[in-house]
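One structure is given below, encoded as structure tokens.
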Amino acid sequence: MAGELVGDSVIISEMAEGSQIYNKGYYGYPRSGGGLELDLLEALYLLECEKLQVQIGGRDVDHATLYRRAARSTDALQPRYIVYRDLRQRGYIVKVDQGDFNFRVYPRGASPHNSQAKNWVLAISERDIFNIAGLLEKSETSQRTRKDLLLGVVDEEGDITYYTLEEAEPGGHTEEGPTNAEGALIDDAVIVLGAEADRLYENGFYGKKIGPMLQLSLLEAVYLMEKGRLDIRSIRSGQRMGMNGLLSSAKRSQPDFDMRMSAYKDLRSRGMVVKTGFKYGTHFRVYEGNPSKHHSRYLVHVVPDDYSTVWAEISRAVRLAHGVKKEILLASSGQLLRYVKLTRVRP
């Protein structure tokens with residue numbers, strides 16, 4: 001079957017041949033006057049599969065020539081072609097999108113005539129920048145149109161890692177009693193001694209028991225002090241500390257304290273138990289209930305709402321979370337705290 005390269009499309013004028021190509025994989029778009037119009041990505045794939053000949057003025061065009069032509073008119077051609085090719089080889093119907101996304105993908109066994117698309121797809125190079133604000137916008141569009149957002153990240157060897165990205169609403173079922181305690185500030189921690197240590201841990205699972213002592217993080221101490229459940233004294237002077245003094249100490253130890261605190265408060269308000277995520281390279285590990293009876297479900301990393309980074313950092317975080325059977329959440333801390341869940345998937 002032969003198609004003519006015309007501008008940024010390949011046109012199959014013969015009606016029967018166009019119908020055959022379309023009906024066997026829903027490539028391109030039927031033309032009103034008959035025949036079929038193919039995007040250059042589709043034509044490249046069909047040419048590679050030897051299902052199409054491409055010509056200019058009756059002369060055959062090889063794959064290399066067509067690729068060079070497509071590269072002049074298609075941004076980020078290589079990752080787009082690799083992702084398109086891979087999804088087609090997996091048996092999906094893939095349509096090129098000219099809007100906010102690169103492709104829309106239909107469920108296996110479905111077609112554009114009998115089903116809505118399942119996914120919006122973005123083809124991304126590992127050298128591209130991960131920007132949380134931009135991807136949240138894409139996620140919102142996906143949710144409005146009742147589709148899942150699928151990201152195909154192509155590395156420098158042409159291998160693809162697929163991720164789903166969606167906004168999450170984490171929640172737990174921890175109940176807390178009205179327990180009060182007194183603690184002592186020592187360096188960058190607060191220590192609670194005696195029977196109060198047990199009561200505070202049992203009513204909210206705050207801190208870490210170290211023998212008879214309960215060690216609270218500065219985040220926990222500030223949170224409990226704001227709730228009126230903790231009084232703090234300096235362990236050296238014995239003088240009672242106010243909130244301003246404790247906050248000053250916390251911010252000296254942790255320059256991003258306010259950002260972390262906003263996420264800590266929100267997660268606690270959702271009934272979750274929040275512990276340090278240091279050993280996993282994140283800010284928090286988060287439990288839905290009693291840490292003695294549950295494994296932590298989430299690793300949470302708090303970032304500004306304009307957060308950008310390289311995709312290698314995202315890949316590392318997701319891989320680590322999956323390796324320890326947890327989910328990674330990025331907490332975007334703007335005027336509204338939003339949780340972004342990234343999951344590695346196989347389409």
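Identifiers in the structure tokens: chain A, B, ... in order shown; residue index from 1 per chain; ligand index from 1 in order shown.
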
Non-local contacts of region 74-88 of chain A (10 Å; only C-alpha atoms; under 6 positions in same chain excluded) as an MDAnalysis selection string = chainID A and resid 8 25 40:42 44:46 48 67:68 94:96 102:103 105 121:126 151:156 158:162 347

Apply DSSP to the backbone of this structure and, from region 2-218 of chain A, keep only the residues in alpha helix (DSSP H); write these as an MDAnalysis selection string.
-> chainID A and resid 15:23 40:48 63:73 77:89 132:144 195:202 218

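We find CA of Gln239 (chain A) and CA of Ala197 (chain A) to be spaced 20.1 Å apart.
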
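Closest to Glu167 (chain A) among A:Tyr339, A:Tyr264, A:Tyr22, A:Tyr307 is A:Tyr339, based on only C-alpha atoms.
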
Selection: 10 Å around Glu176 (chain A), only C-alpha atoms, excl. self and same-chain fewer than 3 positions, as a ChimeraX atom specification = /A:173,179,200-205,271

Print the selection's residues with C-alpha atoms to a file, as a PDB file, in the first residue's frame.
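Saved to part_5.pdb:
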```
ATOM      1  CA  HIS A 173      -7.957   6.020  61.503  1.00  0.00           C
ATOM      2  CA  THR A 179      -3.150  13.526  77.213  1.00  0.00           C
ATOM      3  CA  LEU A 200       1.742  10.345  75.193  1.00  0.00           C
ATOM      4  CA  TYR A 201       2.953   7.485  73.015  1.00  0.00           C
ATOM      5  CA  GLU A 202      -0.209   5.461  73.534  1.00  0.00           C
ATOM      6  CA  ASN A 203      -2.449   8.426  72.666  1.00  0.00           C
ATOM      7  CA  GLY A 204      -1.336   9.220  69.138  1.00  0.00           C
ATOM      8  CA  PHE A 205       1.912   7.249  68.804  1.00  0.00           C
ATOM      9  CA  GLY A 271      -5.892  10.515  61.213  1.00  0.00           C
TER      10      GLY A 271
END
```

Could you pull out all residues of region 221-300 of chain A with a DSSP call of strand (DSSP E or B) and give them as a ChimeraX atom specification?
-> /A:230-234,240-241,273-276,284-287,298-300

Pick the closest to Leu342 (chain A) from A:Leu135, A:Ile232, A:Ala110, A:Val192: which is it, counting only C-alpha atoms?
-> A:Leu135

For Met272 (chain A), the nearest of the candidates A:Gly7, A:Pro304, A:Gly211, A:Gly171, counting only C-alpha atoms | A:Gly171

Nearby residues (only C-alpha atoms) at most 12 Å from Ala117 (chain A), same-chain spacing under 5 positions excluded, as a ChimeraX atom specification | /A:92-97,103-112,142,145-149
